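Next comes final.txt, a file with compact mmCIF, C-alpha atoms.
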# COMPACT_ATOMS: atom_id res chain seq x y z
CA VAL F 1 0.00 0.00 0.00
CA ALA F 2 2.79 2.43 0.92
CA ARG F 3 4.67 1.71 -2.32
CA ILE F 4 1.57 2.26 -4.49
CA GLY F 5 0.79 5.52 -2.67
CA TRP F 6 4.35 6.80 -3.08
CA ASP F 7 4.48 5.93 -6.78
CA SER F 8 1.13 7.67 -7.30
CA VAL F 9 2.40 10.85 -5.61
CA MET F 10 5.57 10.84 -7.72
CA ARG F 11 3.49 10.76 -10.93
CA MET F 12 2.09 14.22 -10.16
CA SER F 13 3.80 17.49 -10.98
CA ALA F 14 5.54 19.22 -8.08
CA ASP F 15 2.98 22.05 -7.76
CA LEU F 16 0.00 19.70 -7.98
CA ARG F 17 1.65 17.29 -5.57
CA ASP F 18 1.85 19.85 -2.75
CA LEU F 19 -1.75 20.98 -3.21
CA PHE F 20 -3.29 17.54 -3.25
CA LEU F 21 -1.11 16.11 -0.51
CA TYR F 22 -2.56 18.84 1.69
CA GLU F 23 -6.08 17.90 0.59
CA VAL F 24 -5.50 14.18 1.14
CA PHE F 25 -4.04 14.99 4.54
CA LEU F 26 -7.19 16.91 5.48
CA TYR F 27 -9.53 14.01 4.69
CA TYR F 28 -7.53 11.24 6.29
CA ASN F 29 -5.53 12.75 9.17
CA PRO F 30 -8.53 13.01 11.55
CA LEU F 31 -9.29 9.32 11.02
CA PHE F 32 -5.67 8.38 11.74
CA LEU F 33 -5.90 10.37 14.97
CA VAL F 34 -9.18 8.66 15.92
CA ALA F 35 -7.46 5.32 15.35
CA LEU F 36 -4.58 6.46 17.60
CA MET F 37 -7.02 7.42 20.36
CA ILE F 38 -8.71 3.99 20.14
CA TRP F 39 -5.34 2.21 20.35
CA LEU F 40 -4.40 4.25 23.42
CA TRP F 41 -7.77 3.64 25.07
CA GLY F 42 -7.16 -0.09 24.63
CA VAL F 43 -3.85 0.30 26.46
CA ASN F 44 -5.64 2.17 29.26
CA LEU F 45 -8.11 -0.69 29.64
CA TRP F 46 -5.31 -3.27 29.61
CA VAL F 47 -3.52 -1.50 32.47
CA PHE F 48 -6.77 -1.17 34.44
CA ALA F 49 -7.41 -4.89 33.99
CA GLN F 50 -3.94 -5.68 35.41
CA SER F 51 -4.32 -3.35 38.39
CA SER F 52 -6.87 -3.10 41.21
CA VAL F 53 -8.86 -0.31 39.51
CA ASN F 54 -12.34 -1.59 38.68
CA TYR F 55 -12.99 0.52 35.57
CA VAL F 56 -16.19 -1.42 34.83
CA LYS F 57 -17.71 -0.09 38.04
CA VAL F 58 -16.30 3.42 37.54
CA PHE F 59 -17.96 3.74 34.12
CA ASP F 60 -21.03 1.67 35.09
CA LEU F 61 -20.48 -0.65 32.12
CA ALA F 62 -22.58 -3.66 31.22
CA GLN F 63 -21.15 -7.17 31.35
CA THR F 64 -20.99 -7.11 27.54
CA HIS F 65 -18.58 -4.16 27.50
CA LEU F 66 -15.63 -4.25 25.10
CA SER F 67 -12.38 -5.62 26.47
CA HIS F 68 -9.02 -4.13 25.53
CA ARG F 69 -8.59 -6.86 22.90
CA GLU F 70 -11.87 -5.92 21.20
CA ILE F 71 -10.92 -2.24 21.36
CA TRP F 72 -7.62 -3.09 19.65
CA ARG F 73 -9.50 -5.11 17.04
CA CYS F 74 -11.57 -2.03 16.15
CA ALA F 75 -8.40 0.08 16.02
CA THR F 76 -6.73 -2.48 13.75
CA TRP F 77 -9.58 -2.37 11.22
CA LEU F 78 -9.55 1.43 11.19
CA THR F 79 -5.76 1.48 10.85
CA LEU F 80 -6.04 -0.80 7.79
CA ILE F 81 -8.97 0.73 5.90
CA VAL F 82 -7.93 4.39 6.24
CA PRO F 83 -4.54 4.08 4.46
CA THR F 84 -6.13 1.72 1.92
CA SER F 85 -8.72 4.36 1.01
CA MET F 86 -6.03 7.06 0.94
CA THR F 87 -3.86 4.99 -1.40
CA ALA F 88 -6.83 4.37 -3.71
CA TYR F 89 -7.48 8.13 -3.80
CA LEU F 90 -3.88 8.92 -4.74
CA TYR F 91 -3.64 6.12 -7.29
CA LEU F 92 -6.89 6.97 -9.09
CA TYR F 93 -6.18 10.69 -9.18
CA SER F 94 -2.63 10.25 -10.47
CA HIS F 95 -3.99 8.01 -13.26
CA GLY F 96 -6.59 10.55 -14.37
CA GLU F 97 -9.65 8.94 -12.72
CA VAL F 98 -10.63 12.12 -10.91
CA SER F 99 -14.30 11.27 -10.25
CA LEU F 100 -13.42 7.83 -8.90
CA ALA F 101 -10.70 9.36 -6.76
CA ALA F 102 -13.14 11.90 -5.33
CA SER F 103 -15.48 9.09 -4.30
CA GLN F 104 -12.92 7.38 -2.05
CA PRO F 105 -13.04 9.64 1.04
CA VAL F 106 -16.82 10.04 0.60
CA LEU F 107 -17.26 6.26 0.56
CA LEU F 108 -15.01 5.80 3.60
CA TYR F 109 -16.83 8.43 5.68
CA ALA F 110 -20.22 6.98 4.66
CA ILE F 111 -19.21 3.44 5.66
CA LEU F 112 -17.89 4.55 9.05
CA LEU F 113 -21.05 6.56 9.73
CA ILE F 114 -23.29 3.63 8.78
CA VAL F 115 -21.33 1.26 11.04
CA LEU F 116 -21.55 3.73 13.94
CA LEU F 117 -25.30 4.37 13.57
CA SER F 118 -26.45 0.93 12.43
CA PRO F 119 -29.42 -0.30 14.54
CA PHE F 120 -28.67 -3.94 13.77
CA ASP F 121 -27.13 -6.30 16.30
CA MET F 122 -23.65 -6.32 14.79
CA PHE F 123 -20.39 -4.44 15.28
CA TYR F 124 -20.83 -4.27 19.07
CA LEU F 125 -24.33 -2.78 19.14
CA SER F 126 -24.54 -2.34 22.93
CA SER F 127 -21.19 -0.53 23.07
CA ARG F 128 -22.09 1.73 20.14
CA PHE F 129 -25.41 2.53 21.82
CA TYR F 130 -23.60 3.36 25.07
CA PHE F 131 -21.21 5.66 23.20
CA LEU F 132 -23.96 7.44 21.24
CA ARG F 133 -26.14 7.82 24.34
CA THR F 134 -23.22 9.37 26.22
CA MET F 135 -22.57 11.74 23.30
CA LEU F 136 -26.21 12.84 23.42
CA ARG F 137 -25.96 13.47 27.16
CA ILE F 138 -22.85 15.58 26.52
CA VAL F 139 -24.53 17.74 23.88
CA LEU F 140 -27.77 18.05 25.90
CA PRO F 141 -26.89 18.05 29.62
CA LEU F 142 -30.53 17.96 30.72
CA GLN F 143 -29.92 15.38 33.43
CA ALA F 144 -27.49 14.88 36.31
CA ILE F 145 -23.93 14.59 35.00
CA THR F 146 -22.31 11.20 35.53
CA PHE F 147 -18.61 10.35 35.47
CA PRO F 148 -18.75 8.82 31.94
CA ASP F 149 -20.44 12.00 30.69
CA PHE F 150 -17.73 14.44 31.68
CA PHE F 151 -14.91 11.91 31.17
CA LEU F 152 -15.80 11.48 27.47
CA ALA F 153 -16.40 15.22 27.14
CA ASP F 154 -12.88 15.86 28.47
CA ILE F 155 -11.47 13.49 25.86
CA PHE F 156 -13.44 15.35 23.19
CA THR F 157 -11.74 18.62 24.18
CA SER F 158 -8.44 16.96 23.26
CA MET F 159 -9.96 16.03 19.91
CA SER F 160 -11.34 19.47 19.02
CA LYS F 161 -8.91 19.80 16.09
CA VAL F 162 -10.02 16.36 14.86
CA PHE F 163 -13.67 17.49 14.86
CA SER F 164 -12.72 20.69 13.06
CA ASP F 165 -10.96 18.75 10.28
CA LEU F 166 -13.89 16.35 10.02
CA GLU F 167 -16.20 19.33 9.54
CA ARG F 168 -13.90 20.79 6.85
CA SER F 169 -13.83 17.42 5.08
CA VAL F 170 -17.60 16.92 5.15
CA CYS F 171 -18.09 20.51 3.97
CA ARG F 172 -15.99 19.82 0.87
CA MET F 173 -17.75 16.54 0.22
CA VAL F 174 -21.22 18.12 0.49
CA ASN F 175 -20.18 21.01 -1.78
CA ARG F 176 -18.50 18.64 -4.27
CA GLN F 177 -15.05 20.16 -3.82
CA VAL F 178 -13.17 16.87 -3.37
CA ALA F 179 -10.31 16.54 -5.90
CA THR F 180 -10.89 20.10 -7.15
CA ILE F 181 -9.11 23.39 -6.52
CA ALA F 182 -12.28 25.33 -5.57
CA TRP F 183 -11.69 24.89 -1.84
CA PHE F 184 -8.26 26.55 -2.06
CA GLU F 185 -10.04 29.91 -2.12
CA ALA F 186 -9.63 30.98 1.51
CA ASP F 187 -12.89 32.95 1.60
CA SER F 188 -15.04 30.18 0.11
CA ILE F 189 -17.61 28.32 2.21
CA CYS F 190 -15.06 25.58 2.94
CA GLY F 191 -11.99 27.82 2.97
CA SER F 192 -9.51 28.43 5.76
CA HIS F 193 -11.23 31.70 6.76
CA SER F 194 -14.61 30.08 7.45
CA ILE F 195 -16.36 30.96 10.72
CA ALA F 196 -17.27 27.28 11.08
CA ILE F 197 -13.66 26.46 12.05
CA PRO F 198 -13.62 28.32 15.41
CA LEU F 199 -17.24 27.31 16.07
CA VAL F 200 -16.41 23.60 15.82
CA LEU F 201 -13.16 24.04 17.78
CA VAL F 202 -15.00 25.67 20.67
CA LEU F 203 -17.94 23.23 20.75
CA PRO F 204 -16.33 20.57 23.04
CA TYR F 205 -15.37 23.30 25.52
CA LEU F 206 -18.85 24.76 25.54
CA CYS F 207 -20.32 21.29 26.17
CA ARG F 208 -17.96 20.79 29.08
CA PHE F 209 -18.74 24.32 30.36
CA PHE F 210 -22.49 23.65 30.46
CA GLN F 211 -21.85 20.30 32.16
CA CYS F 212 -20.09 22.17 34.96
CA ILE F 213 -22.99 24.62 35.25
CA ARG F 214 -25.41 21.68 35.45
CA GLN F 215 -23.25 20.06 38.15
CA TYR F 216 -23.30 23.31 40.16
CA LYS F 217 -27.10 23.43 39.85
CA ASP F 218 -27.33 19.89 41.25
CA THR F 219 -24.60 20.00 43.93
CA LYS F 220 -24.10 23.72 44.76
CA GLU F 221 -20.35 23.05 44.92
CA LYS F 222 -18.30 26.15 44.05
CA SER F 223 -15.57 23.99 42.52
CA CYS F 224 -17.96 23.32 39.62
CA LEU F 225 -17.98 27.04 38.81
CA LEU F 226 -14.18 27.17 38.97
CA ASN F 227 -14.07 24.21 36.58
CA ALA F 228 -16.50 25.98 34.25
CA LEU F 229 -14.20 29.01 34.32
CA LYS F 230 -11.31 26.77 33.23
CA TYR F 231 -13.15 25.66 30.09
CA SER F 232 -14.29 29.20 29.33
CA THR F 233 -10.64 30.33 29.08
CA ALA F 234 -10.35 28.31 25.84
CA VAL F 235 -12.95 30.52 24.13
CA PRO F 236 -10.80 33.69 23.73
CA VAL F 237 -7.85 31.57 22.53
CA ILE F 238 -9.96 30.17 19.70
CA PHE F 239 -11.80 33.30 18.61
CA LEU F 240 -8.89 35.73 18.94
CA SER F 241 -6.93 33.44 16.62
CA ALA F 242 -9.78 33.38 14.09
CA LEU F 243 -9.89 37.19 14.10
CA LYS F 244 -6.63 37.30 12.13
CA TYR F 245 -8.60 36.73 8.92
CA HIS F 246 -11.19 39.41 9.71
CA VAL F 247 -9.14 42.41 10.88
CA PHE F 248 -6.38 44.52 9.34
CA PRO F 249 -2.86 43.03 9.68
CA ASP F 250 -1.65 45.97 11.79
CA GLN F 251 -4.53 45.50 14.22
CA TRP F 252 -3.74 41.81 14.53
CA VAL F 253 -0.03 42.34 15.24
CA SER F 254 -0.37 45.28 17.62
CA PHE F 255 -3.52 44.36 19.56
CA TYR F 256 -5.14 40.96 18.95
CA ARG F 257 -2.04 38.77 18.81
CA PRO F 258 -0.79 39.87 22.28
CA LEU F 259 -4.28 39.18 23.65
CA TRP F 260 -4.24 35.76 22.00
CA LEU F 261 -0.85 34.94 23.59
CA ILE F 262 -2.00 36.10 27.04
CA SER F 263 -5.22 34.11 26.85
CA GLY F 264 -3.24 31.05 25.70
CA VAL F 265 -0.92 31.27 28.72
CA ILE F 266 -3.87 31.66 31.11
CA ASN F 267 -5.69 28.68 29.60
CA SER F 268 -2.60 26.45 29.68
CA LEU F 269 -1.57 27.24 33.27
CA TYR F 270 -5.12 27.08 34.64
CA SER F 271 -5.66 23.70 32.97
CA PHE F 272 -2.34 22.39 34.27
CA TYR F 273 -3.19 23.52 37.81
CA TRP F 274 -6.57 21.81 37.62
CA ASP F 275 -5.02 18.54 36.44
CA ILE F 276 -2.66 18.21 39.38
CA LYS F 277 -4.90 19.80 42.04
CA ARG F 278 -8.33 18.41 41.18
CA ASP F 279 -8.23 15.61 38.60
CA TRP F 280 -5.31 13.67 40.08
CA ASP F 281 -4.24 12.59 43.56
CA LEU F 282 -0.47 13.08 43.51
CA SER F 283 0.03 11.14 46.74
CA ILE F 284 -0.78 7.89 44.91
CA LEU F 285 0.44 8.90 41.49
CA THR F 286 1.95 5.60 40.38
CA ARG F 287 -0.19 3.10 42.29
CA ILE F 288 -2.06 2.39 39.07
CA PHE F 289 1.01 0.47 37.89
CA MET F 290 1.01 -1.93 40.85
CA PHE F 291 -0.31 -4.95 38.95
CA LYS F 292 -1.98 -7.97 40.54
CA SER F 293 0.59 -10.31 39.03
CA PRO F 294 4.38 -9.74 38.92
CA SER F 295 5.26 -7.68 35.85
CA THR F 296 8.19 -5.89 34.28
CA TRP F 297 5.98 -2.80 33.98
CA THR F 298 5.39 -2.79 37.73
CA SER F 299 9.11 -2.85 38.54
CA LEU F 300 9.75 -0.17 35.91
CA LEU F 301 6.93 2.26 36.81
CA TYR F 302 5.60 1.62 40.30
CA GLY F 303 6.94 3.98 42.96
CA ARG F 304 9.51 5.54 40.64
CA ASN F 305 10.26 9.24 41.09
CA TRP F 306 10.98 9.70 37.39
CA VAL F 307 7.36 8.81 36.58
CA TYR F 308 6.22 11.60 38.92
CA TYR F 309 8.48 14.19 37.25
CA TRP F 310 7.72 12.95 33.73
CA VAL F 311 3.95 13.23 34.21
CA LEU F 312 4.17 16.73 35.66
CA GLY F 313 6.71 17.99 33.12
CA SER F 314 5.13 16.51 30.01
CA ASN F 315 1.66 17.62 31.12
CA LEU F 316 2.85 21.21 31.56
CA VAL F 317 4.69 21.34 28.21
CA LEU F 318 1.83 19.77 26.26
CA ARG F 319 -0.73 21.99 27.96
CA CYS F 320 1.24 24.98 26.67
CA THR F 321 1.46 23.62 23.10
CA TRP F 322 -2.31 23.10 23.28
CA THR F 323 -2.76 26.73 22.28
CA TYR F 324 -1.19 25.97 18.91
CA LYS F 325 -3.74 23.36 17.88
CA LEU F 326 -6.65 25.54 19.03
CA SER F 327 -5.55 28.42 16.81
CA ALA F 328 -7.18 28.60 13.40
CA HIS F 329 -4.59 31.03 12.02
CA LEU F 330 -1.84 28.40 12.48
CA ARG F 331 -3.64 25.48 10.83
CA HIS F 332 -1.74 25.91 7.53
CA ASN F 333 1.26 24.35 9.30
CA TYR F 334 -0.63 21.08 9.00
CA LEU F 335 2.20 18.66 9.79
CA THR F 336 3.11 20.57 12.94
CA VAL F 337 -0.52 20.74 14.03
CA PHE F 338 -0.92 17.01 13.34
CA ALA F 339 2.11 16.23 15.52
CA ILE F 340 0.89 18.48 18.34
CA THR F 341 -2.61 16.97 18.20
CA ALA F 342 -1.10 13.46 18.39
CA LEU F 343 0.99 14.57 21.39
CA GLU F 344 -2.13 16.01 23.03
CA MET F 345 -3.75 12.58 22.70
CA LEU F 346 -0.71 11.02 24.37
CA ARG F 347 -1.08 13.58 27.17
CA ARG F 348 -4.75 12.67 27.51
CA PHE F 349 -3.78 8.99 27.46
CA GLN F 350 -1.60 9.40 30.56
CA TRP F 351 -4.21 11.70 32.13
CA VAL F 352 -6.77 8.87 31.87
CA PHE F 353 -4.74 6.59 34.17
CA PHE F 354 -4.68 9.00 37.08
CA ARG F 355 -8.15 10.45 36.55
CA VAL F 356 -9.84 7.03 36.57
CA GLU F 357 -7.74 5.83 39.50
CA ASN F 358 -8.64 8.95 41.45
CA GLU F 359 -12.33 8.34 40.81
CA TRP F 360 -12.02 4.69 41.88
CA ASN F 361 -10.28 5.73 45.12
CA LYS F 362 -13.12 8.16 45.86
CA MET F 363 -15.69 5.42 45.25
CA THR F 364 -13.92 2.90 47.50
CA ALA F 365 -13.39 5.52 50.25
CA LYS F 366 -17.08 6.37 50.15
CA GLN F 367 -18.04 2.70 50.33
CA ASN F 368 -15.69 2.11 53.28
CA PHE F 369 -17.12 5.13 55.12
CA GLU F 370 -20.69 3.96 54.58
CA MET F 371 -19.82 0.47 55.80
CA SER F 372 -18.14 1.81 58.92
CA SER F 373 -21.06 4.15 59.69
CA ASP F 374 -23.51 1.27 59.37
CA MET F 375 -21.61 -0.84 61.94
CA PRO F 376 -22.62 -0.17 65.59
CA SER F 377 -19.92 1.26 67.83
CA GLU F 378 -18.60 -0.51 70.95
CA SER F 379 -20.57 1.78 73.30
CA ASP F 380 -23.75 1.19 71.31
CA ARG F 381 -23.30 -2.56 71.62
CA LEU F 382 -22.75 -2.27 75.42
CA LEU F 383 -25.83 -0.12 75.87
CA GLU F 384 -27.84 -2.50 73.76
CA SER F 385 -26.69 -5.51 75.84
CA SER F 386 -27.44 -3.75 79.16
CA SER F 387 -31.00 -3.07 78.07
CA HIS F 388 -31.75 -6.79 77.84
CA THR F 389 -33.49 -8.41 80.83
CA VAL F 390 -32.13 -11.68 82.10
Give the structure from this file in structure tokens form.
Amino acid sequence: VARIGWDSVMRMSADLRDLFLYEVFLYYNPLFLVALMIWLWGVNLWVFAQSSVNYVKVFDLAQTHLSHREIWRCATWLTLIVPTSMTAYLYLYSHGEVSLAASQPVLLYAILLIVLLSPFDMFYLSSRFYFLRTMLRIVLPLQAITFPDFFLADIFTSMSKVFSDLERSVCRMVNRQVATIAWFEADSICGSHSIAIPLVLVLPYLCRFFQCIRQYKDTKEKSCLLNALKYSTAVPVIFLSALKYHVFPDQWVSFYRPLWLISGVINSLYSFYWDIKRDWDLSILTRIFMFKSPSTWTSLLYGRNWVYYWVLGSNLVLRCTWTYKLSAHLRHNYLTVFAITALEMLRRFQWVFFRVENEWNKMTAKQNFEMSSDMPSESDRLLESSSHTV
């Protein structure tokens, strides 16, 4: 597949090659990143299965939930069909079959959508229903927010660039701009100056913001408002970046760009603080790697100081680079943005370990407290025994 794709690219002229490599990248890079996220989620589940963290109870999963092996099977299929479709696109276009080439990404997106929404009892129906139901609860937080609701919504914030590229791709498919040069006009409906780009980028943060407001309504905890404030700091980063295409260059350089940089620093540092102060429990940071059975991973990771420093350092650095992928005016550096988005998913991957473990520790602590409160004290038992007549 790689050889056919490379030969197809080499058949094009140099100018055409650059243009259409960018277009191919737009259609297929979000699917590669989705596949990466699925692979990483499978690794998360494998580690949970080896440790004492009962992720099934944390997420309130049914007995038919997908194991890490089934998750990896889904990731394998996606990893195979996406480059196959991409190679077919390149091959057909380089051999003059433009209409057939244009149908390849459309066909791939249609197949994936049908599989996801299919009502038939195939392709893990119960798990797909669970995923879609959780997505609906994220978009419409009309009920009490559960841990799976805001957990998946947090993952979606890391995938905001993926959703933006998916929207750009679907826009070009709907407007029949696949394998054409019409979409290269920046001010066109699917161009790089479209208002839809910042709107889609900000959507996961708005969903998470309204979840926090709903949690405050239900619990009256002020920490929910502080969490909502954290997600709201992403909004100026996104829209100040988009303003570059709608103001004069001098205004952007002298006024809006400094504001964008300041808002990016605030968002990054606030998010980093929340990770280590609220989402994680640093006192038990590596207990997740204490497996039930002896393992090389346990000896390598459990109780090691370097894991502690790596998690903190990498989380801080990748939180700061987050601003780059949220910024519409930097999206033309598509390889850099792709790399940063992939690194953000790796950051989220390590975040999952400690966030889920923290939730499990809270659940077990609550259960232990309830059990201890239900047991009568020693004085109660003595009083009860003295009240008996002999």
Inset, instruction - Enter the distance from atom CA of Asp149 of chain F to atom CA of Val82 of chain F, in Å, rounded to one decimal. - result: 28.5 Å
Find the residues near Phe151 of chain F: any atom within 12 Å, counting only C-alpha atoms, skip ones fewer than 4 places away on the same chain, and give them as a PDB file with C-alpha atoms, keeping the file's coordinate frame.
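Below is the file that was written, around.pdb:
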ATOM      1  CA  VAL F  58     -16.300   3.420  37.540  1.00  0.00           C
ATOM      2  CA  PHE F  59     -17.960   3.740  34.120  1.00  0.00           C
ATOM      3  CA  PHE F 131     -21.210   5.660  23.200  1.00  0.00           C
ATOM      4  CA  THR F 134     -23.220   9.370  26.220  1.00  0.00           C
ATOM      5  CA  MET F 135     -22.570  11.740  23.300  1.00  0.00           C
ATOM      6  CA  ARG F 137     -25.960  13.470  27.160  1.00  0.00           C
ATOM      7  CA  ILE F 138     -22.850  15.580  26.520  1.00  0.00           C
ATOM      8  CA  ILE F 145     -23.930  14.590  35.000  1.00  0.00           C
ATOM      9  CA  THR F 146     -22.310  11.200  35.530  1.00  0.00           C
ATOM     10  CA  PHE F 147     -18.610  10.350  35.470  1.00  0.00           C
ATOM     11  CA  ILE F 155     -11.470  13.490  25.860  1.00  0.00           C
ATOM     12  CA  PHE F 156     -13.440  15.350  23.190  1.00  0.00           C
ATOM     13  CA  THR F 157     -11.740  18.620  24.180  1.00  0.00           C
ATOM     14  CA  SER F 158      -8.440  16.960  23.260  1.00  0.00           C
ATOM     15  CA  PRO F 204     -16.330  20.570  23.040  1.00  0.00           C
ATOM     16  CA  CYS F 207     -20.320  21.290  26.170  1.00  0.00           C
ATOM     17  CA  ARG F 208     -17.960  20.790  29.080  1.00  0.00           C
ATOM     18  CA  GLN F 211     -21.850  20.300  32.160  1.00  0.00           C
ATOM     19  CA  ASP F 279      -8.230  15.610  38.600  1.00  0.00           C
ATOM     20  CA  ARG F 348      -4.750  12.670  27.510  1.00  0.00           C
ATOM     21  CA  TRP F 351      -4.210  11.700  32.130  1.00  0.00           C
ATOM     22  CA  VAL F 352      -6.770   8.870  31.870  1.00  0.00           C
ATOM     23  CA  PHE F 353      -4.740   6.590  34.170  1.00  0.00           C
ATOM     24  CA  ARG F 355      -8.150  10.450  36.550  1.00  0.00           C
ATOM     25  CA  VAL F 356      -9.840   7.030  36.570  1.00  0.00           C
ATOM     26  CA  GLU F 359     -12.330   8.340  40.810  1.00  0.00           C
TER      27      GLU F 359
END
Inset, instruction - Compare F:Cys212, F:Val311, F:Val317, F:Leu78 by their minimum atom-to-atom distance to Leu229 of chain F, counting all atoms listed in the file, and give me the closest one. - result: F:Cys212
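Distance-wise, atom CA of Glu23 of chain F and atom CA of Ser118 of chain F end up 29.0 Å apart.
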Inset, instruction - Compare F:Tyr205, F:Trp72, F:Tyr231, F:Phe32 by their minimum atom-to-atom distance to Thr84 of chain F, counting all atoms listed in the file, and give me the closest one. - result: F:Phe32
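Atom CA of Tyr55 of chain F is positioned 7.6 Å from atom CA of Trp360 of chain F.
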Inset, instruction - Pick out the closest residue to Glu357 of chain F from this set: F:Val115, F:Gln50, F:Trp280, F:Trp260. Count only C-alpha atoms. - result: F:Trp280
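With distances taken over all atoms listed in the file, F:Ser232 is the one residue among F:Asn44, F:Ser126, F:Thr341, F:Ser232 lying closest to Leu206 of chain F.
Comparing the minimum interatomic distances between Met86 of chain F and each of F:Pro148, F:Arg128, F:Leu21, F:Cys190, counting only C-alpha atoms, we find that F:Leu21 sits nearest.
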